[in-house]
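S.K.: This is the content of query-v7.tsv (TSV, C-alpha atoms and all ligand atoms):
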chain	number	residue	atom	x	y	z
A	56	MET	CA	35.58	97.96	63.40
A	57	ASP	CA	34.18	99.74	66.42
A	58	ARG	CA	35.33	100.31	69.98
A	59	GLY	CA	33.66	97.03	71.00
A	60	THR	CA	36.11	95.00	68.95
A	61	ILE	CA	39.28	96.97	69.53
A	62	ILE	CA	41.67	97.75	72.34
A	63	TYR	CA	42.44	101.40	71.87
A	64	LEU	CA	45.88	102.44	73.14
A	65	ASP	CA	46.38	105.38	70.77
A	66	ASN	CA	44.84	108.13	72.85
A	67	ASN	CA	47.62	110.64	72.11
A	68	ALA	CA	46.46	110.48	68.48
A	69	THR	CA	42.82	111.04	69.32
A	70	THR	CA	40.25	109.99	71.91
A	71	MET	CA	36.71	108.66	71.95
A	72	VAL	CA	34.05	111.33	72.44
A	73	ALA	CA	32.78	110.70	75.97
A	74	PRO	CA	29.08	109.67	76.03
A	75	GLU	CA	28.35	112.59	78.40
A	76	VAL	CA	29.98	114.96	75.90
A	77	LEU	CA	27.93	113.61	73.01
A	78	GLY	CA	24.77	113.95	75.10
A	79	ALA	CA	25.57	117.57	75.94
A	80	MET	CA	26.19	118.38	72.27
A	81	GLN	CA	23.14	116.75	70.72
A	82	PRO	CA	20.55	119.53	71.31
A	83	PHE	CA	22.78	121.96	69.44
A	84	PHE	CA	22.46	119.89	66.24
A	85	SER	CA	18.67	119.87	66.40
A	86	LYS	CA	16.48	122.15	68.52
A	87	ARG	CA	19.09	124.69	69.59
A	88	TYR	CA	20.58	125.80	66.30
A	89	GLY	CA	20.38	129.54	66.91
A	90	ASN	CA	23.32	131.83	66.28
A	91	PRO	CA	24.72	133.03	69.63
A	92	SER	CA	25.23	136.51	68.15
A	93	SER	CA	21.53	136.94	67.23
A	94	MET	CA	19.38	139.51	68.99
A	95	HIS	CA	16.46	137.12	69.49
A	96	ARG	CA	16.22	134.89	72.54
A	97	PHE	CA	16.35	131.71	70.44
A	98	GLY	CA	19.91	132.51	69.41
A	99	GLY	CA	20.88	134.57	72.44
A	100	SER	CA	20.16	131.72	74.85
A	101	VAL	CA	22.94	129.74	73.18
A	102	ARG	CA	25.38	132.47	74.26
A	103	HIS	CA	24.68	131.41	77.82
A	104	ASP	CA	25.74	127.81	77.05
A	105	ILE	CA	28.96	129.04	75.41
A	106	ASP	CA	29.73	131.13	78.48
A	107	GLU	CA	29.15	128.11	80.71
A	108	ALA	CA	31.53	126.03	78.60
A	109	ARG	CA	34.10	128.82	78.74
A	110	ALA	CA	33.87	128.86	82.53
A	111	LYS	CA	34.37	125.08	82.70
A	112	VAL	CA	37.49	125.21	80.51
A	113	ALA	CA	38.80	128.13	82.57
A	114	HIS	CA	38.23	126.15	85.77
A	115	LEU	CA	40.21	123.17	84.44
A	116	LEU	CA	43.17	125.44	83.65
A	117	GLY	CA	43.03	127.71	86.69
A	118	ALA	CA	42.27	130.63	84.38
A	119	THR	CA	39.50	133.20	84.12
A	120	PRO	CA	36.75	132.81	81.48
A	121	GLU	CA	37.84	136.01	79.68
A	122	GLU	CA	41.20	134.39	79.00
A	123	ILE	CA	39.68	131.51	77.00
A	124	VAL	CA	39.39	131.86	73.21
A	125	PHE	CA	37.70	129.03	71.30
A	126	THR	CA	39.43	127.98	68.06
A	127	SER	CA	39.02	125.12	65.60
A	128	CYS	CA	41.87	122.87	66.84
A	129	GLY	CA	45.25	122.66	68.51
A	130	THR	CA	47.00	123.55	65.26
A	131	GLU	CA	45.01	126.77	64.91
A	132	SER	CA	45.71	127.69	68.54
A	133	ASP	CA	49.45	127.15	67.99
A	134	ASN	CA	49.42	129.22	64.80
A	135	ALA	CA	47.35	131.97	66.41
A	136	ALA	CA	49.75	132.16	69.37
A	137	VAL	CA	52.95	132.36	67.35
A	138	VAL	CA	51.77	134.43	64.39
A	139	GLY	CA	49.61	136.67	66.62
A	140	THR	CA	52.61	137.43	68.86
A	141	LEU	CA	54.93	138.17	65.92
A	142	ARG	CA	52.36	140.50	64.36
A	143	ALA	CA	51.82	142.30	67.66
A	144	ASP	CA	55.53	143.18	67.86
A	145	PRO	CA	56.76	143.36	64.25
A	146	ASP	CA	60.29	144.56	65.09
A	147	LYS	CA	61.12	141.32	66.86
A	148	ARG	CA	62.11	138.66	64.39
A	149	HIS	CA	63.53	135.81	66.47
A	150	LEU	CA	61.66	132.78	67.82
A	151	ILE	CA	62.78	130.03	70.14
A	152	THR	CA	61.22	126.59	70.12
A	153	THR	CA	62.39	122.99	70.56
A	154	LYS	CA	63.56	120.22	68.27
A	155	VAL	CA	60.73	117.96	69.43
A	156	GLU	CA	57.60	120.10	68.95
A	157	HIS	CA	54.58	118.78	67.12
A	158	PRO	CA	54.47	119.88	63.45
A	159	ALA	CA	51.76	122.40	64.42
A	160	ILE	CA	54.64	124.47	65.87
A	161	ARG	CA	57.71	123.00	64.19
A	162	SER	CA	56.49	123.21	60.60
A	163	LEU	CA	55.09	126.68	61.27
A	164	CYS	CA	58.49	127.82	62.58
A	165	GLN	CA	60.27	126.25	59.61
A	166	PHE	CA	57.83	128.14	57.35
A	167	LEU	CA	58.51	131.40	59.23
A	168	ALA	CA	62.28	130.79	58.94
A	169	LYS	CA	61.84	131.15	55.19
A	170	GLU	CA	59.94	134.41	55.74
A	171	ARG	CA	62.50	136.75	57.29
A	172	TYR	CA	62.28	135.25	60.79
A	173	GLU	CA	65.08	133.48	62.62
A	174	VAL	CA	64.32	130.34	64.58
A	175	THR	CA	66.37	128.64	67.30
A	176	GLU	CA	65.45	125.03	68.02
A	177	VAL	CA	66.50	123.97	71.51
A	178	PRO	CA	67.89	120.40	71.71
A	179	VAL	CA	66.92	117.61	74.09
A	180	ASN	CA	69.16	114.92	75.62
A	181	ARG	CA	68.97	111.14	75.23
A	182	GLN	CA	66.19	111.06	77.85
A	183	GLY	CA	64.16	113.64	75.94
A	184	GLU	CA	64.82	116.36	78.53
A	185	LEU	CA	65.07	119.97	77.39
A	186	ASP	CA	68.42	121.79	77.48
A	187	VAL	CA	67.17	124.73	79.53
A	188	ASP	CA	70.60	126.43	79.67
A	189	PHE	CA	70.80	126.36	75.88
A	190	LEU	CA	67.34	127.97	75.79
A	191	ALA	CA	68.31	130.71	78.24
A	192	ASP	CA	71.52	131.44	76.29
A	193	SER	CA	69.56	131.70	73.04
A	194	ILE	CA	67.38	134.61	74.12
A	195	ARG	CA	68.23	137.83	72.24
A	196	PRO	CA	66.94	141.40	72.40
A	197	ASP	CA	64.84	140.69	69.29
A	198	THR	CA	63.32	137.42	70.56
A	199	ALA	CA	59.54	137.72	70.22
A	200	ILE	CA	58.36	134.40	71.63
A	201	VAL	CA	59.51	131.21	73.31
A	202	SER	CA	57.25	128.25	72.46
A	203	VAL	CA	57.88	125.02	74.37
A	204	MET	CA	55.40	122.16	74.56
A	205	TRP	CA	54.14	121.13	78.00
A	206	ALA	CA	54.44	117.41	77.25
A	207	ASN	CA	55.73	115.55	74.23
A	208	ASN	CA	53.18	113.65	72.17
A	209	GLU	CA	55.54	110.76	71.28
A	210	THR	CA	57.32	110.09	74.56
A	211	GLY	CA	55.07	111.83	77.11
A	212	VAL	CA	58.14	113.61	78.57
A	213	ILE	CA	57.02	116.70	80.52
A	214	PHE	CA	59.04	119.89	80.11
A	215	PRO	CA	59.78	122.34	82.97
A	216	VAL	CA	57.25	124.87	81.72
A	217	GLU	CA	57.27	127.00	84.85
A	218	GLU	CA	61.07	127.40	84.78
A	219	VAL	CA	61.11	128.21	81.06
A	220	ALA	CA	58.25	130.71	81.44
A	221	GLU	CA	60.21	132.48	84.18
A	222	ILE	CA	63.35	132.62	82.01
A	223	ALA	CA	61.31	134.09	79.12
A	224	HIS	CA	59.67	136.65	81.37
A	225	ALA	CA	62.95	137.68	83.00
A	226	ASN	CA	63.98	138.68	79.47
A	227	GLY	CA	60.68	140.34	78.56
A	228	VAL	CA	59.75	137.58	76.10
A	229	VAL	CA	56.25	136.13	75.58
A	230	PHE	CA	55.94	132.47	76.55
A	231	HIS	CA	53.64	130.03	74.74
A	232	THR	CA	53.12	126.37	75.54
A	233	ASP	CA	51.49	123.72	73.38
A	234	ALA	CA	49.66	121.84	76.13
A	235	VAL	CA	47.61	119.68	73.76
A	236	GLN	CA	48.93	116.46	75.33
A	237	ALA	CA	49.11	117.72	78.90
A	238	VAL	CA	45.61	119.07	79.55
A	239	GLY	CA	43.46	116.54	81.38
A	240	LYS	CA	46.42	114.21	81.98
A	241	ILE	CA	48.31	116.22	84.59
A	242	PRO	CA	47.09	119.03	86.86
A	243	ILE	CA	47.51	122.47	85.33
A	244	ASN	CA	47.06	125.67	87.26
A	245	LEU	CA	47.74	128.82	85.30
A	246	ALA	CA	47.15	130.92	88.39
A	247	GLU	CA	50.53	129.59	89.52
A	248	THR	CA	52.33	128.81	86.27
A	249	PRO	CA	53.13	132.05	84.47
A	250	VAL	CA	52.48	131.10	80.83
A	251	ASP	CA	51.12	133.84	78.56
A	252	LEU	CA	49.60	131.64	75.86
A	253	LEU	CA	48.52	127.99	75.95
A	254	SER	CA	47.02	125.73	73.29
A	255	LEU	CA	44.71	122.79	73.85
A	256	SER	CA	42.72	120.51	71.59
A	257	GLY	CA	39.30	118.97	72.22
A	258	HIS	CA	39.86	115.65	70.51
A	259	LYS	CA	42.75	114.73	72.81
A	260	MET	CA	40.48	114.97	75.85
A	261	HIS	CA	37.27	113.17	74.89
A	262	ALA	CA	35.64	116.11	73.10
A	263	PRO	CA	35.16	116.02	69.31
A	264	LYS	CA	37.64	116.87	66.60
A	265	GLY	CA	37.51	120.43	65.28
A	266	ILE	CA	37.51	122.37	68.53
A	267	GLY	CA	40.41	123.90	70.42
A	268	VAL	CA	41.27	126.67	72.82
A	269	LEU	CA	43.89	129.36	72.97
A	270	TYR	CA	44.37	130.63	76.50
A	271	VAL	CA	45.52	134.28	76.43
A	272	ARG	CA	46.66	135.66	79.76
A	273	ARG	CA	45.10	139.02	80.47
A	274	GLY	CA	47.34	141.80	79.16
A	275	THR	CA	49.17	139.67	76.56
A	276	LYS	CA	49.63	141.53	73.28
A	277	LEU	CA	48.19	139.40	70.48
A	278	THR	CA	46.98	140.28	66.98
A	279	PRO	CA	44.04	138.08	65.89
A	280	PHE	CA	44.93	135.27	63.51
A	281	MET	CA	41.41	134.70	62.11
A	282	ILE	CA	40.09	138.09	61.13
A	283	GLY	CA	36.38	138.40	60.58
A	284	GLY	CA	33.41	139.00	62.86
A	285	HIS	CA	33.43	140.22	66.43
A	286	GLN	CA	33.19	136.73	67.96
A	287	GLU	CA	35.36	135.80	70.93
A	288	HIS	CA	35.65	139.50	71.82
A	289	ASN	CA	37.23	140.28	68.45
A	290	ARG	CA	39.99	137.76	69.11
A	291	ARG	CA	38.85	135.03	66.71
A	292	GLY	CA	36.39	135.70	63.90
A	293	GLY	CA	33.93	133.02	62.76
A	294	THR	CA	30.51	131.89	63.94
A	295	GLU	CA	31.02	129.80	67.04
A	296	ASN	CA	31.06	125.99	66.72
A	297	THR	CA	28.37	125.89	69.36
A	298	ALA	CA	27.90	122.13	69.72
A	299	SER	CA	31.63	121.46	69.96
A	300	ILE	CA	32.20	124.32	72.38
A	301	VAL	CA	29.51	122.90	74.67
A	302	GLY	CA	31.06	119.45	74.21
A	303	LEU	CA	34.49	120.76	75.16
A	304	GLY	CA	33.00	122.40	78.24
A	305	LYS	CA	31.58	119.05	79.30
A	306	ALA	CA	34.89	117.31	78.53
A	307	ALA	CA	36.74	119.87	80.66
A	308	GLU	CA	34.33	119.23	83.53
A	309	LEU	CA	34.90	115.46	83.20
A	310	ALA	CA	38.68	115.93	82.96
A	311	ALA	CA	38.69	117.90	86.21
A	312	GLU	CA	36.71	115.11	87.91
A	313	ARG	CA	38.89	112.34	86.44
A	314	ILE	CA	42.34	113.80	86.93
A	315	VAL	CA	42.96	111.67	90.03
A	316	ASP	CA	41.98	108.50	88.16
A	317	GLU	CA	44.23	109.55	85.29
A	318	THR	CA	47.23	110.16	87.52
A	319	THR	CA	46.76	107.05	89.69
A	320	ARG	CA	44.86	104.16	88.05
A	321	VAL	CA	45.86	105.00	84.47
A	322	ARG	CA	49.47	105.46	85.57
A	323	LYS	CA	49.39	102.04	87.24
A	324	LEU	CA	47.97	100.43	84.10
A	325	ARG	CA	50.65	102.10	81.98
A	326	ASP	CA	53.40	101.03	84.38
A	327	ALA	CA	52.10	97.45	84.47
A	328	LEU	CA	51.98	97.30	80.67
A	329	GLU	CA	55.48	98.69	80.41
A	330	ALA	CA	56.94	96.37	83.06
A	331	ARG	CA	55.35	93.28	81.53
A	332	ILE	CA	56.54	94.13	78.02
A	333	LEU	CA	60.09	94.89	79.21
A	334	ALA	CA	60.16	91.62	81.15
A	335	GLY	CA	58.65	89.58	78.33
A	336	ALA	CA	60.63	90.83	75.33
A	337	PRO	CA	64.45	91.05	75.39
A	338	ASP	CA	66.32	93.97	73.82
A	339	CYS	CA	63.73	96.66	74.33
A	340	PHE	CA	63.77	99.90	76.32
A	341	VAL	CA	61.62	102.88	77.15
A	342	ASN	CA	62.23	106.17	75.34
A	343	GLY	CA	62.05	109.27	77.52
A	344	ARG	CA	62.81	109.92	81.16
A	345	ARG	CA	60.45	107.66	83.04
A	346	ASP	CA	59.79	109.68	86.18
A	347	THR	CA	58.80	112.90	84.41
A	348	ARG	CA	56.30	111.55	81.90
A	349	LEU	CA	52.59	111.86	81.32
A	350	PRO	CA	50.85	109.08	83.26
A	351	ASN	CA	49.25	107.59	80.15
A	352	THR	CA	52.14	107.28	77.69
A	353	THR	CA	54.89	104.75	77.10
A	354	ASN	CA	57.16	104.71	74.08
A	355	ILE	CA	59.09	101.46	73.76
A	356	SER	CA	61.85	100.68	71.29
A	357	PHE	CA	62.19	97.09	70.15
A	358	GLU	CA	65.59	96.43	68.64
A	359	TYR	CA	65.86	94.48	65.36
A	360	VAL	CA	62.21	94.86	64.33
A	361	GLU	CA	60.30	97.44	62.33
A	362	GLY	CA	57.64	99.45	64.10
A	363	GLU	CA	55.29	99.11	61.15
A	364	ALA	CA	55.49	95.31	61.28
A	365	ILE	CA	54.66	95.40	65.00
A	366	LEU	CA	51.72	97.72	64.37
A	367	LEU	CA	50.34	95.45	61.66
A	368	LYS	CA	50.53	92.45	63.97
A	369	LEU	CA	48.87	94.42	66.76
A	370	ASP	CA	46.21	95.59	64.35
A	371	GLN	CA	45.40	91.99	63.42
A	372	LEU	CA	44.57	91.47	67.09
A	373	GLY	CA	42.46	94.64	67.21
A	374	ILE	CA	45.07	96.57	69.21
A	375	CYS	CA	45.57	100.23	68.19
A	376	ALA	CA	48.94	101.87	68.94
A	377	SER	CA	51.29	103.97	66.86
A	378	SER	CA	54.89	103.98	65.74
A	379	GLY	CA	57.58	106.60	65.96
A	380	SER	CA	58.62	106.45	62.35
A	381	ALA	CA	57.15	108.68	59.72
A	382	CYS	CA	55.52	105.92	57.73
A	383	THR	CA	52.95	108.31	56.27
A	384	SER	CA	55.72	110.04	54.34
A	385	GLY	CA	56.65	106.69	52.81
A	386	SER	CA	60.25	107.16	53.98
A	387	LEU	CA	60.22	104.96	57.09
A	388	GLU	CA	62.56	107.55	58.61
A	389	PRO	CA	62.55	107.66	62.41
A	390	SER	CA	60.55	110.60	63.74
A	391	HIS	CA	62.19	113.96	64.42
A	392	VAL	CA	61.64	113.31	68.14
A	393	MET	CA	63.56	110.03	68.13
A	394	ARG	CA	66.31	111.65	66.05
A	395	ALA	CA	66.54	114.66	68.37
A	396	MET	CA	66.93	112.29	71.33
A	397	GLY	CA	69.69	110.39	69.54
A	398	VAL	CA	67.88	107.06	69.70
A	399	PRO	CA	69.96	104.64	67.57
A	400	PHE	CA	68.46	104.03	64.14
A	401	THR	CA	67.56	100.37	64.63
A	402	ALA	CA	65.80	101.13	67.92
A	403	ALA	CA	64.05	104.28	66.70
A	404	HIS	CA	62.79	102.28	63.76
A	405	GLY	CA	61.14	99.80	66.09
A	406	SER	CA	59.57	102.27	68.49
A	407	ILE	CA	55.93	101.91	69.48
A	408	ARG	CA	53.83	104.37	71.47
A	409	PHE	CA	51.05	103.05	73.67
A	410	SER	CA	48.86	105.84	75.03
A	411	LEU	CA	46.09	105.04	77.51
A	412	THR	CA	43.04	106.79	78.87
A	413	VAL	CA	40.57	106.46	81.71
A	414	TYR	CA	38.46	104.13	79.53
A	415	ASN	CA	41.18	101.45	79.48
A	416	THR	CA	40.83	98.45	81.75
A	417	GLU	CA	43.09	95.83	83.32
A	418	GLU	CA	41.74	93.35	80.77
A	419	ASP	CA	42.97	95.60	77.93
A	420	ILE	CA	46.42	95.71	79.47
A	421	ASP	CA	46.52	91.95	80.16
A	422	PHE	CA	45.66	91.22	76.55
A	423	VAL	CA	48.29	93.57	75.12
A	424	ALA	CA	51.01	92.60	77.61
A	425	GLU	CA	50.44	88.94	76.75
A	426	HIS	CA	50.64	89.40	73.00
A	427	VAL	CA	53.42	91.96	72.49
A	428	PRO	CA	56.31	89.64	73.52
A	429	GLU	CA	54.91	86.90	71.26
A	430	ILE	CA	54.75	89.32	68.33
A	431	ILE	CA	58.31	90.48	68.92
A	432	THR	CA	59.65	86.91	69.04
A	433	GLU	CA	57.78	86.05	65.87
A	434	LEU	CA	59.04	89.12	64.01
A	435	ARG	CA	62.62	88.76	65.16
A	436	ALA	CA	62.68	85.25	63.74
A	437	ILE	CA	62.22	86.81	60.28
A	438	SER	CA	64.03	90.11	60.99
A	439	PRO	CA	66.23	91.57	58.24
A	440	TYR	CA	68.31	93.29	60.95
A	441	GLY	CA	70.14	90.15	61.86
A	442	ARG	CA	69.07	89.23	65.36
A	443	LYS	CA	67.11	86.01	65.77
B	1	LIG	N1	50.20	119.71	69.44
B	1	LIG	C1	50.42	118.48	69.89
B	1	LIG	C2	51.44	118.25	70.96
B	1	LIG	C3	49.69	117.40	69.38
B	1	LIG	O1	49.91	116.16	69.84
B	1	LIG	C4	48.72	117.65	68.38
B	1	LIG	C5	47.97	116.54	67.76
B	1	LIG	O2	48.47	115.43	67.67
B	1	LIG	C6	48.52	118.99	67.95
B	1	LIG	C7	49.28	119.99	68.51
B	1	LIG	C8	47.52	119.33	66.90
B	1	LIG	O3	46.21	119.34	67.43
B	1	LIG	P1	44.95	119.28	66.43
B	1	LIG	O4	44.91	117.89	65.91
B	1	LIG	O5	43.78	119.62	67.28
B	1	LIG	O6	45.20	120.30	65.38
Write out the structure in this file as structure tokens.
Ligand code: PLP

M.R.:
Amino acid sequence: MDRGTIIYLDNNATTMVAPEVLGAMQPFFSKRYGNPSSMHRFGGSVRHDIDEARAKVAHLLGATPEEIVFTSCGTESDNAAVVGTLRADPDKRHLITTKVEHPAIRSLCQFLAKERYEVTEVPVNRQGELDVDFLADSIRPDTAIVSVMWANNETGVIFPVEEVAEIAHANGVVFHTDAVQAVGKIPINLAETPVDLLSLSGHKMHAPKGIGVLYVRRGTKLTPFMIGGHQEHNRRGGTENTASIVGLGKAAELAAERIVDETTRVRKLRDALEARILAGAPDCFVNGRRDTRLPNTTNISFEYVEGEAILLKLDQLGICASSGSACTSGSLEPSHVMRAMGVPFTAAHGSIRFSLTVYNTEEDIDFVAEHVPEIITELRAISPYGRK
């Protein structure tokens, strides 16, 4: 199945590589294979392309190029931020994060909790909003880092990053944000938002998989996570993934150009999809506070039906979305995000995330909005949860 035969509404899972990005990358797989660290011009000229890509990413974030460190993915950036901060200040053994982080942070923190560190997970309310007072009260003299995602991958709920960064700084604590879902979807300006460390991932913004960035504000104490060669100014060893870095640079340039489309047209498409589904299918509701969400994401709970059954039906029609239950673990347990929000079991079980992008069209939305209510009616007629 290719993009021509599917309607892809799973862009928080991964995105299509933009044709412009692919075009920018191609020479680096063939004619321009030199090592950017080489003394000869054949390799050295590639350094120039990496620097250009770095400048484009910096521009998108409102950062300076020296603050951009290329990594292999969002997960590596998250690990490098947290572990690098802990190693830079070994006496501090307390971390603060949230109950709804992606496993790239949450599983890491749970791992560290078994390794002599103490972790506080800040709760969210029924709307998925962060308990900022709880966070502020949790800060201790030995708190090394506060890590709070910019936007949640399942619900799209945006956290008050600026406020949390200020609270961390007022207490002399480093602030990291996992902005993997936020970058390219909402404007970000690190010249005004005082985060110390920020993670992003290429494949969530129309660059390929296997490339990420850790933004490190000038002056932030950080021990390198990947220790090896002198690449990235000794901050991340390993020969540069040249093609993907150039691709990410192009994707950052496109994201900066498309941010208005993302926040206006894509938002309208998302809102139309949401409104039509809510009107067409009874007993369903949106998870997450609606006015502080990413413009591309809607997470809808359908009572009395299983998310997996809905996904299978959607898949038969060529529609790609995702569910909020951890089906990959075989447990069918609602996700940790739905549980943290206190979404009732039957509703969490039937939660579906639709995540859009600038490549989606009105036709895509019409098709999905037409079929979802039909699928729900059909499944409820055979539902084991009792409602017909
Ligand atoms: N953080 C968030 C919020 C994510 O949504 C994801 C991917 O889904 C990651 C981190 C991990 O990024 P990567 O797949 O590049 O490792």

S.K.: In Å to one decimal, how far is atom C8 of ligand LIG 1 (chain B) from CA of Ala234 in chain A?

M.R.: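 Separation between CA of Ala234 in chain A and atom C8 of ligand LIG 1 (chain B): 9.8 Å.
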
S.K.: Using only C-alpha atoms and all ligand atoms, find the one residue out of A:Gly397, A:Pro350, A:Pro389, A:Pro263 that sits nearest to ligand LIG 1 (chain B).

M.R.: A:Pro263

S.K.: Please identify the residues whose atoms come within 9 Å of ligand LIG 1 (chain B), using all atoms listed in the file, and report them as a VMD selection string.

M.R.: chain A and resid 67 to 69 127 to 133 156 to 160 204 to 209 233 to 237 254 to 259 264 to 267

S.K.: I'd like the interatomic distance between CA of Ile213 in chain A and CA of Phe280 in chain A, to a tenth of an Å.

M.R.: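 Straight-line distance from CA of Ile213 in chain A to CA of Phe280 in chain A works out to 27.9 Å.
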
S.K.: Using all atoms listed in the file, which protein or nucleic acid residues come within 6 Å of range 360-369 of chain A? Drop anything in the same chain fewer than 5 positions from it, and give the result as number ranges by chain.

M.R.: A: 374, 378, 404-406

S.K.: Can you tell me how far CA of Leu64 in chain A sits from CA of Ala310 in chain A, in Å to one decimal?

M.R.: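 Computed distance, CA of Leu64 in chain A to CA of Ala310 in chain A, equals 18.2 Å.
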
S.K.: For Thr175 in chain A, find every residue with an atom within 7 Å (counting only C-alpha atoms), except residues of its own chain fewer than 5 positions away, and show them as a PyMOL selection string.

M.R.: chain A and resi 150-152

S.K.: Between A:Glu176, A:Asp338, A:Asp419, A:Glu329, single out the one closest to Arg161 in chain A, counting only C-alpha atoms.

M.R.: A:Glu176
